[in-house]
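Raw upload_7.txt, compact mmCIF, C-alpha atoms and all ligand atoms:
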# COMPACT_ATOMS: atom_id res chain seq x y z
CA MET A 1 36.81 94.30 75.85
CA ASP A 2 37.41 96.98 73.22
CA PHE A 3 34.59 99.12 71.86
CA ASP A 4 36.81 101.09 69.46
CA LEU A 5 36.73 100.17 65.79
CA PRO A 6 40.07 98.95 64.42
CA GLU A 7 41.82 101.66 62.40
CA GLU A 8 41.00 100.20 58.98
CA LEU A 9 37.30 99.97 59.80
CA ALA A 10 37.27 103.50 61.24
CA ASP A 11 38.84 104.68 57.95
CA LEU A 12 36.21 102.78 55.98
CA GLN A 13 33.47 104.38 58.07
CA GLY A 14 34.95 107.81 57.27
CA ILE A 15 35.04 107.09 53.53
CA ALA A 16 31.47 105.79 53.51
CA ARG A 17 30.29 108.79 55.55
CA ARG A 18 31.82 111.22 53.06
CA ILE A 19 30.32 109.36 50.09
CA ALA A 20 26.93 109.26 51.81
CA ARG A 21 26.92 113.02 52.43
CA GLU A 22 28.42 114.11 49.12
CA LYS A 23 26.98 111.59 46.66
CA VAL A 24 24.01 109.79 48.19
CA LEU A 25 22.18 112.62 49.98
CA PRO A 26 21.85 114.81 46.87
CA ARG A 27 20.39 111.86 44.92
CA ALA A 28 17.97 110.44 47.53
CA ARG A 29 14.85 112.34 46.50
CA ALA A 30 15.32 111.84 42.76
CA ILE A 31 15.88 108.09 43.17
CA ASP A 32 12.57 107.89 45.06
CA GLU A 33 10.66 110.01 42.57
CA THR A 34 11.93 108.46 39.35
CA GLY A 35 12.25 104.90 40.67
CA GLU A 36 15.21 104.51 38.34
CA TYR A 37 18.11 102.32 39.39
CA PRO A 38 20.94 104.72 40.35
CA GLU A 39 23.75 103.46 38.11
CA ASP A 40 25.75 106.57 39.02
CA LEU A 41 25.79 105.58 42.70
CA PHE A 42 26.64 101.98 41.80
CA ASP A 43 29.63 103.42 39.98
CA VAL A 44 30.60 105.56 42.98
CA PHE A 45 30.41 102.48 45.22
CA ARG A 46 32.42 100.47 42.72
CA GLN A 47 35.18 103.05 42.52
CA ALA A 48 35.37 103.34 46.29
CA GLY A 49 35.67 99.55 46.66
CA LEU A 50 32.41 99.31 48.63
CA LEU A 51 31.01 96.49 46.47
CA GLY A 52 33.69 94.05 47.60
CA LEU A 53 33.62 94.70 51.34
CA CYS A 54 32.18 91.32 52.28
CA ILE A 55 34.08 89.36 49.61
CA PRO A 56 37.33 87.75 50.82
CA GLU A 57 40.60 89.11 49.39
CA ASP A 58 41.25 85.79 47.61
CA TYR A 59 38.22 86.49 45.43
CA GLY A 60 38.87 90.13 44.65
CA GLY A 61 37.20 91.77 47.65
CA SER A 62 38.66 93.67 50.58
CA GLY A 63 37.67 91.17 53.27
CA ALA A 64 36.16 93.84 55.52
CA GLY A 65 33.52 91.29 56.48
CA ILE A 66 30.01 91.68 57.73
CA LEU A 67 31.09 94.40 60.16
CA GLY A 68 32.75 96.41 57.38
CA LEU A 69 29.68 96.07 55.18
CA ALA A 70 27.36 96.98 58.07
CA LEU A 71 29.38 100.13 58.79
CA ALA A 72 29.21 101.28 55.17
CA ILE A 73 25.50 100.50 54.95
CA GLU A 74 24.77 102.41 58.15
CA GLU A 75 26.33 105.54 56.62
CA VAL A 76 24.55 105.23 53.27
CA ALA A 77 21.17 104.39 54.89
CA LYS A 78 21.23 107.76 56.68
CA TYR A 79 20.04 109.23 53.40
CA SER A 80 18.88 106.47 51.04
CA ASN A 81 17.76 102.98 51.89
CA ALA A 82 17.65 102.09 48.20
CA ALA A 83 21.36 102.88 47.91
CA ALA A 84 21.99 100.90 51.12
CA LEU A 85 20.12 97.97 49.58
CA MET A 86 22.49 98.03 46.61
CA LEU A 87 25.35 97.38 49.03
CA LEU A 88 23.37 94.73 50.92
CA LEU A 89 22.86 92.83 47.67
CA THR A 90 26.61 92.20 47.47
CA ARG A 91 26.15 89.82 50.42
CA LEU A 92 22.62 88.37 50.40
CA PRO A 93 22.95 86.16 47.28
CA THR A 94 26.69 85.53 47.70
CA GLY A 95 26.37 84.39 51.33
CA PRO A 96 25.46 80.76 50.57
CA VAL A 97 28.26 80.60 47.96
CA MET A 98 30.80 81.93 50.48
CA ILE A 99 29.54 79.64 53.24
CA ALA A 100 29.24 76.38 51.29
CA GLY A 101 30.06 76.95 47.61
CA SER A 102 32.80 75.12 45.75
CA GLU A 103 36.15 76.73 45.02
CA GLU A 104 35.14 76.84 41.35
CA GLN A 105 31.88 78.68 42.17
CA LYS A 106 33.70 81.19 44.35
CA LYS A 107 36.25 81.91 41.62
CA ARG A 108 33.60 82.16 38.95
CA TYR A 109 30.97 84.31 40.67
CA LEU A 110 32.52 86.36 43.51
CA PRO A 111 35.19 88.51 41.79
CA ALA A 112 32.60 90.08 39.47
CA ILE A 113 30.47 91.12 42.46
CA ALA A 114 33.51 92.75 44.11
CA SER A 115 34.51 94.58 40.93
CA GLY A 116 30.96 95.63 40.08
CA THR A 117 30.97 93.87 36.71
CA GLY A 118 28.29 91.46 37.92
CA ARG A 119 25.23 91.65 40.13
CA ALA A 120 23.18 89.00 41.88
CA ALA A 121 19.85 88.53 43.67
CA PHE A 122 18.37 86.09 46.16
CA GLY A 123 15.30 83.97 45.39
CA LEU A 124 13.78 82.30 48.40
CA SER A 125 10.25 83.75 48.69
CA GLU A 126 7.27 82.61 46.66
CA PRO A 127 3.70 83.92 46.62
CA GLN A 128 2.53 81.24 49.10
CA ALA A 129 5.88 80.84 50.87
CA GLY A 130 7.32 83.89 52.65
CA SER A 131 7.87 83.22 56.35
CA ASP A 132 6.86 79.62 55.71
CA VAL A 133 9.70 78.94 53.29
CA VAL A 134 9.31 75.16 53.24
CA ALA A 135 5.93 75.69 51.54
CA MET A 136 7.85 76.64 48.38
CA ARG A 137 6.69 75.03 45.15
CA THR A 138 9.66 75.71 42.88
CA ARG A 139 10.81 72.26 41.94
CA ALA A 140 14.08 70.79 40.79
CA THR A 141 13.94 67.40 39.11
CA PRO A 142 16.96 65.38 37.96
CA ASP A 143 17.98 66.23 34.40
CA PRO A 144 17.86 62.97 32.41
CA ALA A 145 20.35 64.40 29.90
CA THR A 146 23.07 65.39 32.43
CA ALA A 147 24.25 63.27 35.32
CA GLY A 148 23.95 65.36 38.49
CA GLY A 149 22.14 68.15 36.64
CA TRP A 150 18.70 69.52 37.49
CA ILE A 151 15.71 71.08 35.76
CA LEU A 152 14.03 73.94 37.61
CA ASN A 153 10.42 75.09 37.34
CA GLY A 154 8.69 77.67 39.49
CA LEU A 155 8.08 81.27 40.39
CA LYS A 156 10.06 83.39 42.83
CA CYS A 157 8.65 86.73 43.96
CA TRP A 158 9.47 90.01 45.75
CA MET A 159 13.09 89.54 44.74
CA SER A 160 15.22 92.65 45.35
CA GLY A 161 17.40 93.65 42.44
CA VAL A 162 15.81 91.03 40.19
CA ALA A 163 15.99 93.22 37.10
CA GLN A 164 19.65 94.17 37.48
CA ALA A 165 21.02 90.76 38.44
CA ASP A 166 23.21 88.59 36.22
CA TRP A 167 22.74 85.53 38.42
CA TYR A 168 20.51 84.34 41.21
CA THR A 169 20.79 82.15 44.28
CA ILE A 170 17.63 80.08 43.97
CA PHE A 171 16.15 77.63 46.43
CA ALA A 172 14.03 74.75 45.10
CA LYS A 173 12.53 71.49 46.28
CA THR A 174 14.71 68.56 45.24
CA GLY A 175 12.83 66.14 47.46
CA ASP A 176 9.14 65.34 47.71
CA PRO A 177 7.32 68.62 46.82
CA SER A 178 4.84 68.11 49.65
CA SER A 179 7.58 67.46 52.19
CA ARG A 180 8.16 69.98 54.97
CA ALA A 181 11.56 68.50 55.75
CA HIS A 182 14.39 70.99 55.43
CA ASP A 183 16.54 68.54 53.52
CA SER A 184 13.96 68.54 50.71
CA ILE A 185 15.32 71.94 49.59
CA THR A 186 18.54 72.73 47.69
CA ALA A 187 20.29 75.96 46.64
CA PHE A 188 21.38 76.62 43.05
CA ILE A 189 23.21 79.31 41.14
CA VAL A 190 21.06 80.23 38.14
CA GLU A 191 22.33 82.58 35.45
CA ARG A 192 20.04 85.19 33.97
CA ALA A 193 21.15 84.43 30.41
CA TRP A 194 20.09 80.78 30.57
CA GLN A 195 17.13 79.59 28.57
CA GLY A 196 13.89 79.56 30.56
CA VAL A 197 14.96 82.29 33.00
CA GLU A 198 12.77 85.36 32.76
CA VAL A 199 12.16 88.44 34.90
CA GLY A 200 8.41 88.60 35.48
CA ARG A 201 6.21 91.29 36.99
CA ILE A 202 7.97 94.19 38.71
CA ASP A 203 6.19 95.24 41.92
CA ARG A 204 4.72 98.68 42.54
CA LYS A 205 5.80 99.38 46.09
CA MET A 206 5.54 101.83 48.96
CA GLY A 207 9.20 102.74 49.34
CA VAL A 208 12.80 101.79 48.60
CA HIS A 209 12.16 102.84 45.02
CA GLY A 210 15.10 102.62 42.64
CA VAL A 211 16.01 99.01 43.33
CA ASP A 212 13.33 96.89 41.71
CA THR A 213 11.52 94.12 43.51
CA GLY A 214 9.80 91.52 41.38
CA GLU A 215 9.28 88.04 40.07
CA LEU A 216 11.63 85.55 38.50
CA VAL A 217 9.99 82.92 36.32
CA LEU A 218 11.81 79.60 35.86
CA ARG A 219 10.60 77.36 33.03
CA ASP A 220 12.50 74.12 32.38
CA VAL A 221 15.79 75.74 33.35
CA HIS A 222 18.71 73.32 33.01
CA VAL A 223 21.16 73.71 35.87
CA PRO A 224 24.52 71.89 35.55
CA PRO A 225 25.78 69.86 38.52
CA GLU A 226 28.54 72.38 39.23
CA ASN A 227 25.89 75.03 40.02
CA VAL A 228 24.43 73.19 43.02
CA ILE A 229 25.54 75.15 46.09
CA GLY A 230 26.78 72.85 48.83
CA GLU A 231 25.07 69.53 49.02
CA VAL A 232 21.70 68.45 47.64
CA GLY A 233 19.19 68.98 50.44
CA GLY A 234 21.37 71.69 51.96
CA PHE A 235 18.54 74.07 52.83
CA ARG A 236 20.33 74.82 56.10
CA LEU A 237 22.40 77.11 53.88
CA ALA A 238 19.51 79.49 53.39
CA MET A 239 19.12 79.76 57.13
CA LEU A 240 22.85 80.18 57.79
CA GLY A 241 23.07 82.78 55.03
CA LEU A 242 20.12 84.68 56.46
CA ASN A 243 21.43 84.42 60.04
CA ALA A 244 24.69 86.03 58.95
CA MET A 245 22.71 88.76 57.19
CA ARG A 246 20.80 89.94 60.30
CA PRO A 247 23.34 92.63 61.25
CA VAL A 248 23.48 93.85 57.65
CA VAL A 249 19.73 94.48 57.55
CA ALA A 250 19.96 95.94 61.05
CA ALA A 251 22.53 98.43 59.74
CA ARG A 252 19.95 99.73 57.26
CA GLY A 253 17.69 100.35 60.24
CA ILE A 254 20.18 102.15 62.47
CA GLY A 255 21.39 104.32 59.60
CA LEU A 256 17.83 105.32 58.75
CA ALA A 257 17.04 106.10 62.40
CA GLU A 258 20.21 108.20 62.74
CA GLY A 259 19.48 110.14 59.54
CA ALA A 260 15.91 110.84 60.60
CA LEU A 261 16.85 111.93 64.13
CA MET A 262 19.67 114.23 62.98
CA TYR A 263 17.35 115.84 60.46
CA ALA A 264 14.61 116.38 63.06
CA VAL A 265 17.07 117.83 65.58
CA ASP A 266 18.27 120.44 63.08
CA TYR A 267 14.64 121.30 62.35
CA VAL A 268 13.45 121.70 65.97
CA LYS A 269 16.39 123.97 66.79
CA ASP A 270 15.22 126.29 64.02
CA ARG A 271 11.42 126.05 64.27
CA GLU A 272 9.86 128.92 66.26
CA LEU A 273 6.51 128.59 68.04
CA PHE A 274 4.95 129.93 71.27
CA GLY A 275 7.79 132.46 71.44
CA LYS A 276 10.47 129.76 71.70
CA HIS A 277 12.21 127.19 69.56
CA LEU A 278 10.62 123.76 69.38
CA ALA A 279 13.89 122.35 70.75
CA ASP A 280 13.40 124.35 73.98
CA PHE A 281 10.40 122.28 75.06
CA GLN A 282 11.07 119.36 77.38
CA GLY A 283 8.61 117.21 75.42
CA THR A 284 10.81 117.59 72.36
CA GLN A 285 14.03 117.00 74.29
CA TRP A 286 12.71 113.77 75.77
CA LYS A 287 11.84 112.46 72.30
CA VAL A 288 15.38 113.25 71.15
CA ALA A 289 16.93 111.60 74.21
CA GLU A 290 14.75 108.51 73.90
CA LEU A 291 15.64 107.99 70.25
CA ALA A 292 19.35 108.72 70.77
CA THR A 293 19.49 106.11 73.55
CA GLU A 294 17.68 103.51 71.47
CA ILE A 295 19.91 104.19 68.46
CA GLU A 296 23.01 103.54 70.55
CA ALA A 297 21.45 100.36 71.99
CA ALA A 298 20.65 99.20 68.45
CA ARG A 299 24.19 100.01 67.30
CA LEU A 300 25.70 97.93 70.09
CA LEU A 301 23.43 94.98 69.25
CA THR A 302 24.23 95.36 65.56
CA TYR A 303 28.00 95.70 65.86
CA ARG A 304 28.17 92.73 68.21
CA ALA A 305 26.01 90.68 65.85
CA ALA A 306 28.27 91.66 62.93
CA TRP A 307 31.33 90.71 64.94
CA LEU A 308 29.77 87.34 65.81
CA ALA A 309 28.90 86.69 62.16
CA ASP A 310 32.48 87.50 61.15
CA GLN A 311 33.70 84.91 63.69
CA GLY A 312 31.52 82.31 61.97
CA ARG A 313 29.10 82.41 64.89
CA PHE A 314 25.92 82.39 62.85
CA THR A 315 24.86 78.83 63.58
CA ARG A 316 21.76 77.96 65.60
CA GLU A 317 23.13 78.74 69.07
CA TRP A 318 23.94 82.34 68.07
CA VAL A 319 20.57 83.04 66.48
CA PRO A 320 19.04 85.04 69.37
CA PHE A 321 21.89 87.59 69.30
CA LEU A 322 21.66 87.99 65.53
CA SER A 323 17.87 88.17 65.46
CA MET A 324 17.76 90.73 68.27
CA ALA A 325 19.85 93.15 66.20
CA LYS A 326 17.55 92.78 63.18
CA TYR A 327 14.35 93.00 65.20
CA TYR A 328 15.36 95.92 67.38
CA ALA A 329 17.13 98.07 64.77
CA THR A 330 14.40 97.73 62.14
CA GLU A 331 11.57 98.41 64.57
CA LEU A 332 13.57 101.43 65.75
CA ALA A 333 13.78 102.67 62.16
CA VAL A 334 9.98 102.66 61.96
CA LYS A 335 9.66 104.40 65.32
CA ALA A 336 12.38 107.00 64.66
CA SER A 337 11.13 107.89 61.20
CA GLY A 338 7.60 108.30 62.58
CA MET A 339 8.75 110.47 65.46
CA ALA A 340 10.97 112.57 63.19
CA LEU A 341 8.06 113.15 60.82
CA GLN A 342 5.85 114.15 63.77
CA MET A 343 8.46 116.62 65.03
CA LEU A 344 8.32 118.42 61.68
CA GLY A 345 4.52 118.58 61.67
CA ALA A 346 2.95 119.27 58.27
CA ALA A 347 6.36 119.97 56.79
CA GLY A 348 7.42 116.44 57.69
CA TYR A 349 4.51 115.00 55.74
CA MET A 350 5.44 116.87 52.58
CA ALA A 351 7.91 115.75 49.95
CA ASP A 352 9.96 118.91 50.60
CA HIS A 353 11.67 116.98 53.39
CA LEU A 354 13.14 113.48 53.51
CA THR A 355 11.08 112.52 56.57
CA GLU A 356 8.18 111.06 54.59
CA LEU A 357 10.66 109.08 52.49
CA TRP A 358 12.38 107.65 55.57
CA TYR A 359 8.95 106.76 56.97
CA ARG A 360 7.94 104.82 53.84
CA ASP A 361 11.33 103.15 53.44
CA ALA A 362 11.47 102.04 57.07
CA ARG A 363 8.36 99.91 56.72
CA GLN A 364 10.17 97.54 54.41
CA LEU A 365 12.80 96.71 56.99
CA THR A 366 10.55 94.95 59.50
CA ILE A 367 9.29 92.62 56.76
CA VAL A 368 12.34 91.58 54.73
CA GLU A 369 14.72 88.75 55.57
CA GLY A 370 12.54 87.42 58.38
CA THR A 371 9.75 89.60 59.73
CA THR A 372 9.71 91.05 63.24
CA GLU A 373 7.40 88.25 64.33
CA ILE A 374 9.75 85.60 62.94
CA GLN A 375 12.73 87.22 64.72
CA LEU A 376 10.79 87.33 68.00
CA GLY A 377 9.98 83.63 67.58
CA LEU A 378 13.66 82.84 67.03
CA ILE A 379 14.76 84.89 70.05
CA ALA A 380 12.14 83.23 72.24
CA ARG A 381 13.22 79.78 71.11
CA GLY A 382 16.85 80.67 71.87
CA VAL A 383 15.92 81.66 75.41
CA MET A 384 13.68 78.62 75.94
CA ASP A 385 16.50 76.37 74.69
CA ARG A 386 18.94 78.28 76.92
CA ASP A 387 21.17 79.35 74.02
CA LEU A 388 20.67 82.73 75.64
CA TRP A 389 20.68 82.39 79.41
CA TRP A 390 22.12 84.53 82.14
CA ASP A 391 23.52 82.29 84.81
C1 LIG A 401 10.55 95.21 49.47
C2 LIG A 401 10.75 93.74 49.69
C3 LIG A 401 11.89 93.12 49.20
C4 LIG A 401 12.06 91.74 49.34
N1 LIG A 401 13.17 91.13 48.83
C5 LIG A 401 13.27 89.77 48.85
C6 LIG A 401 14.37 89.09 48.21
O1 LIG A 401 15.29 89.71 47.68
N2 LIG A 401 14.37 87.74 48.18
C7 LIG A 401 13.39 86.99 48.77
O2 LIG A 401 13.46 85.78 48.72
N3 LIG A 401 12.34 87.60 49.41
C8 LIG A 401 12.26 88.96 49.45
N4 LIG A 401 11.19 89.60 50.07
C9 LIG A 401 10.16 88.78 50.68
C10 LIG A 401 10.25 88.74 52.20
O3 LIG A 401 11.34 87.95 52.60
C11 LIG A 401 8.91 88.19 52.72
O4 LIG A 401 7.96 89.19 52.47
C12 LIG A 401 8.95 87.84 54.18
O5 LIG A 401 9.71 86.68 54.38
C13 LIG A 401 7.55 87.61 54.76
O6 LIG A 401 6.80 86.73 53.99
P1 LIG A 401 5.32 87.14 53.51
O7 LIG A 401 5.38 88.50 52.94
O8 LIG A 401 4.83 86.04 52.66
O9 LIG A 401 4.47 87.23 54.81
P2 LIG A 401 3.76 86.01 55.56
O10 LIG A 401 4.76 84.94 55.79
O11 LIG A 401 2.51 85.67 54.87
O12 LIG A 401 3.42 86.70 56.96
C14 LIG A 401 2.34 87.63 57.09
C15 LIG A 401 2.39 88.20 58.50
O13 LIG A 401 2.23 87.13 59.43
C16 LIG A 401 3.29 87.16 60.37
N5 LIG A 401 3.62 85.80 60.79
C17 LIG A 401 4.19 84.82 60.06
N6 LIG A 401 4.34 83.73 60.80
C18 LIG A 401 3.87 84.02 62.03
C19 LIG A 401 3.74 83.30 63.24
N7 LIG A 401 4.20 82.05 63.34
N8 LIG A 401 3.19 83.91 64.31
C20 LIG A 401 2.74 85.18 64.21
N9 LIG A 401 2.84 85.93 63.09
C21 LIG A 401 3.38 85.34 62.02
C22 LIG A 401 4.44 87.78 59.63
O14 LIG A 401 5.40 88.30 60.52
C23 LIG A 401 3.72 88.87 58.85
O15 LIG A 401 3.50 89.98 59.67
C24 LIG A 401 11.06 90.98 50.00
C25 LIG A 401 9.92 91.62 50.53
C26 LIG A 401 9.77 92.99 50.38
C27 LIG A 401 8.57 93.65 50.96

As a first step, turn the structure in this file into structure tokens.
Ligand SMILES: Cc1cc2nc3c(=O)[nH]c(=O)nc-3n(C[C@H](O)[C@H](O)[C@H](O)COP(=O)(O)OP(=O)(O)OC[C@H]3O[C@@H](n4cnc5c(N)ncnc54)[C@H](O)[C@@H]3O)c2cc1C
Amino acid sequence: MDFDLPEELADLQGIARRIAREKVLPRARAIDETGEYPEDLFDVFRQAGLLGLCIPEDYGGSGAGILGLALAIEEVAKYSNAAALMLLLTRLPTGPVMIAGSEEQKKRYLPAIASGTGRAAFGLSEPQAGSDVVAMRTRATPDPATAGGWILNGLKCWMSGVAQADWYTIFAKTGDPSSRAHDSITAFIVERAWQGVEVGRIDRKMGVHGVDTGELVLRDVHVPPENVIGEVGGFRLAMLGLNAMRPVVAARGIGLAEGALMYAVDYVKDRELFGKHLADFQGTQWKVAELATEIEAARLLTYRAAWLADQGRFTREWVPFLSMAKYYATELAVKASGMALQMLGAAGYMADHLTELWYRDARQLTIVEGTTEIQLGLIARGVMDRDLWWD
């Protein structure tokens, strides 16, 4: 067993840490206040090669895998979860293409993500179908004009990066619309420039400003046969793609928790009250120790989950390990940001400090890509089915 990062990943971690401190930290507050997409940071990430971390070398990326991407995201999320989300979006929509796409799809769509000349987003959720994804109503019907082609109609919502994307991974019902069978759903690559594709309402949200979340409206969109990802009825793809993403979302959580704790520690060492520093009180020290321990526990869960995903172990039997990382790290982000804010008192509540921003941003993490409750259900099922068992 080896807990040390291989040299190339340790180097990557160092590069991402420097970029996070020098480029991301100074921009975090302004991104939140203006809500404008930080093109400058996208450019920094592009130049540093961070947009191609999860893309294999054959398709223009660096092949650093899920673990490489998670390490970079952890560093960036110490200061800005919006910037971390920009990196995450290099994997979320491309995952199904990498897992089951055709060679032609990989060659056509992946190199642009790695080079930063293209962006993508992931459309699974619908207003009435979040956790309950099979309740989706977006429908694909066979295109009478093109053999093997499809016509899509529907509405996707809460889609991260919807406004910046050039293409979307979209899930739609190809079978009976009222069916709850998984093989009634298929994944498609849909280009933004196609007729009938329109960005709808952009959400007003609590945090993670700067990367828009919003609707995608699909009206009689003609999708050619070569843009079906995997096989028709291959909904399993969405689940496999999301399973492999658990450590990536978890990395946003551990980075945020680390950033918040480090900030609070610097503050309590400086803050004077009752003739001492706040850091001198045992009550404060125990909070610091508790969070530091939980951060390290979350990191171990996350790095192992990333390693598993990179070994292709993101199928059903590995789900509990992947879900644990997402559940634990994102709940920790909420807890750590709340405790950090509390340690700063009134100052922590004010926009003069990043604590209130971390607190708002953290709340997104326990909802996206499978809520805490959904992860707990998956972990429990894994234990009941003995995928996770200890004898
Ligand atoms: C900022 C943001 C960005 C997002 N980006 C994307 C994106 O890029 N692409 C995309 O497709 N979606 C995206 N989403 C949507 C996200 O995936 C969904 O919000 C999530 O899946 C939950 O669905 P829901 O909001 O409809 O909640 P619901 O499914 O309605 O759940 C409501 C509550 O009930 C709980 N619950 C659900 N089932 C159970 C159960 N069986 N037992 C107990 N409790 C349960 C849930 O955990 C939750 O707390 C984003 C959401 C947000 C907030």

Can you tell me which residues come within 9 Å of ligand LIG 401 (chain A) when counting all atoms listed in the file, ideally as an NGL selection string? :A and (89 or 92-93 or 121-133 or 156-162 or 170-171 or 203 or 205-209 or 212-214 or 361 or 363-375 or 377)

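For Ala114 in chain A, the set of protein, DNA and RNA residues having any atom at most 8 Å away, when counting only C-alpha atoms and skipping those fewer than 3 positions along the same chain, is Arg46, Gly49, Leu51, Gly52, Leu53, Ile55, Tyr59, Gly60, Gly61, Thr90, Leu110, Pro111 and Thr117 of chain A.
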
To one decimal place in Å, what is the distance between CA of Arg108 in chain A and CA of Gly95 in chain A? 14.5 Å

Do you know which residues are at most 8 Å from Val217 in chain A counting all atoms listed in the file, after dropping those on the same chain fewer than 6 positions away, and could you put them as a compact mmCIF listing (two decimals) with C-alpha atoms, in the coordinates of the input?
# COMPACT_ATOMS: atom_id res chain seq x y z
CA ASN A 153 10.42 75.09 37.34
CA GLY A 154 8.69 77.67 39.49
CA LEU A 155 8.08 81.27 40.39
CA LYS A 156 10.06 83.39 42.83
CA GLY A 196 13.89 79.56 30.56
CA VAL A 197 14.96 82.29 33.00
CA GLU A 198 12.77 85.36 32.76
CA VAL A 199 12.16 88.44 34.90
CA GLY A 200 8.41 88.60 35.48

One number please: CA of Asp2 in chain A to CA of Ala306 in chain A, in Å, one decimal. 14.8 Å

Determine, counting only C-alpha atoms, which protein, DNA and RNA residues have an atom within 8 Å of an atom of range 241-250 of chain A; residues of the same chain fewer than 2 positions away are not included. Present the result as number ranges by chain. A: 66, 69-70, 73, 88, 91-92, 95-96, 99, 237-239, 252-254, 302-303, 305-306, 309, 314-315, 319, 322-323, 325-330, 365, 369

Residues within 12 Å of Arg271 in chain A, please, as JSON, numbers by chain. Count only C-alpha atoms; anything in the same chain fewer than 3 positions from it doesn't count. {"A": [264, 265, 266, 267, 268, 274, 275, 276, 277, 278, 279, 280, 281, 284, 343, 344, 345, 347]}

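Proximity to Ala140 in chain A was assessed for A:Val44, A:Ala28, A:Ala336, A:Val221 counting only C-alpha atoms; the smallest distance is recorded for A:Val221.
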
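Across the structure, CA of Arg299 in chain A and CA of Ala120 in chain A are spaced 27.7 Å apart.
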
Which residue of A:Tyr37, A:Trp318, A:Tyr79, A:Phe3 approaches Lys23 in chain A most closely, using all atoms listed in the file: A:Tyr79

Contacts of range 289-291 of chain A at 9 Å (all atoms listed in the file; same-chain gap of 3+ positions) as a list in words: Ala257, Glu258, Leu261, Thr284, Gln285, Trp286, Glu294, Ile295, Glu296, Leu332, Lys335, Ala336 and Met339 of chain A

File of the preceding selection, C-alpha atoms, as a compact mmCIF listing (two decimals), in the frame of the given file:
# COMPACT_ATOMS: atom_id res chain seq x y z
CA ALA A 257 17.04 106.10 62.40
CA GLU A 258 20.21 108.20 62.74
CA LEU A 261 16.85 111.93 64.13
CA THR A 284 10.81 117.59 72.36
CA GLN A 285 14.03 117.00 74.29
CA TRP A 286 12.71 113.77 75.77
CA GLU A 294 17.68 103.51 71.47
CA ILE A 295 19.91 104.19 68.46
CA GLU A 296 23.01 103.54 70.55
CA LEU A 332 13.57 101.43 65.75
CA LYS A 335 9.66 104.40 65.32
CA ALA A 336 12.38 107.00 64.66
CA MET A 339 8.75 110.47 65.46

So, with all atoms listed in the file as the atoms that count, which of A:Ala48, A:Val134, A:Met1, A:Ala82 lies closest to Gln13 in chain A? A:Ala48

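In terms of minimum interatomic distance to Pro142 in chain A, A:Val232 ranks closest within A:Val232, A:Ser178, A:Ala84, A:Ile189, counting all atoms listed in the file.
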
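Considering only C-alpha atoms, the residue among A:Gly101, A:Gly148, A:Gly210, A:Gly63 positioned nearest to Arg27 in chain A is A:Gly210.
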
Between A:Pro144, A:Gly118, A:Gly65, A:Gly230, smallest distance to Ala165 in chain A by only C-alpha atoms belongs to A:Gly118

Output: range 335-359 of chain A of the preceding structure, restricted to C-alpha atoms, written as a short mmCIF file (atom, residue, chain, number, x, y, z; two decimals), in the first residue's frame.
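See result.cif below for the written result:
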data_model
loop_
_atom_site.label_atom_id
_atom_site.label_comp_id
_atom_site.auth_asym_id
_atom_site.auth_seq_id
_atom_site.Cartn_x
_atom_site.Cartn_y
_atom_site.Cartn_z
CA LYS A 335 -20.15 21.76 8.37
CA ALA A 336 -16.67 23.28 7.97
CA SER A 337 -17.90 26.44 6.28
CA GLY A 338 -20.49 26.90 9.03
CA MET A 339 -17.97 26.36 11.80
CA ALA A 340 -15.43 28.65 10.14
CA LEU A 341 -18.03 31.39 9.84
CA GLN A 342 -18.95 30.92 13.52
CA MET A 343 -15.30 31.19 14.57
CA LEU A 344 -15.11 34.61 12.95
CA GLY A 345 -18.30 35.84 14.63
CA ALA A 346 -19.88 38.91 13.03
CA ALA A 347 -16.86 39.36 10.79
CA GLY A 348 -17.51 35.92 9.32
CA TYR A 349 -21.04 36.92 8.37
CA MET A 350 -19.87 39.98 6.46
CA ALA A 351 -18.73 40.09 2.86
CA ASP A 352 -15.33 41.39 4.02
CA HIS A 353 -14.34 37.75 4.49
CA LEU A 354 -14.75 34.71 2.26
CA THR A 355 -16.46 32.70 5.01
CA GLU A 356 -20.00 33.72 4.02
CA LEU A 357 -19.19 32.86 0.39
CA TRP A 358 -17.89 29.41 1.32
CA TYR A 359 -21.03 28.88 3.42
#
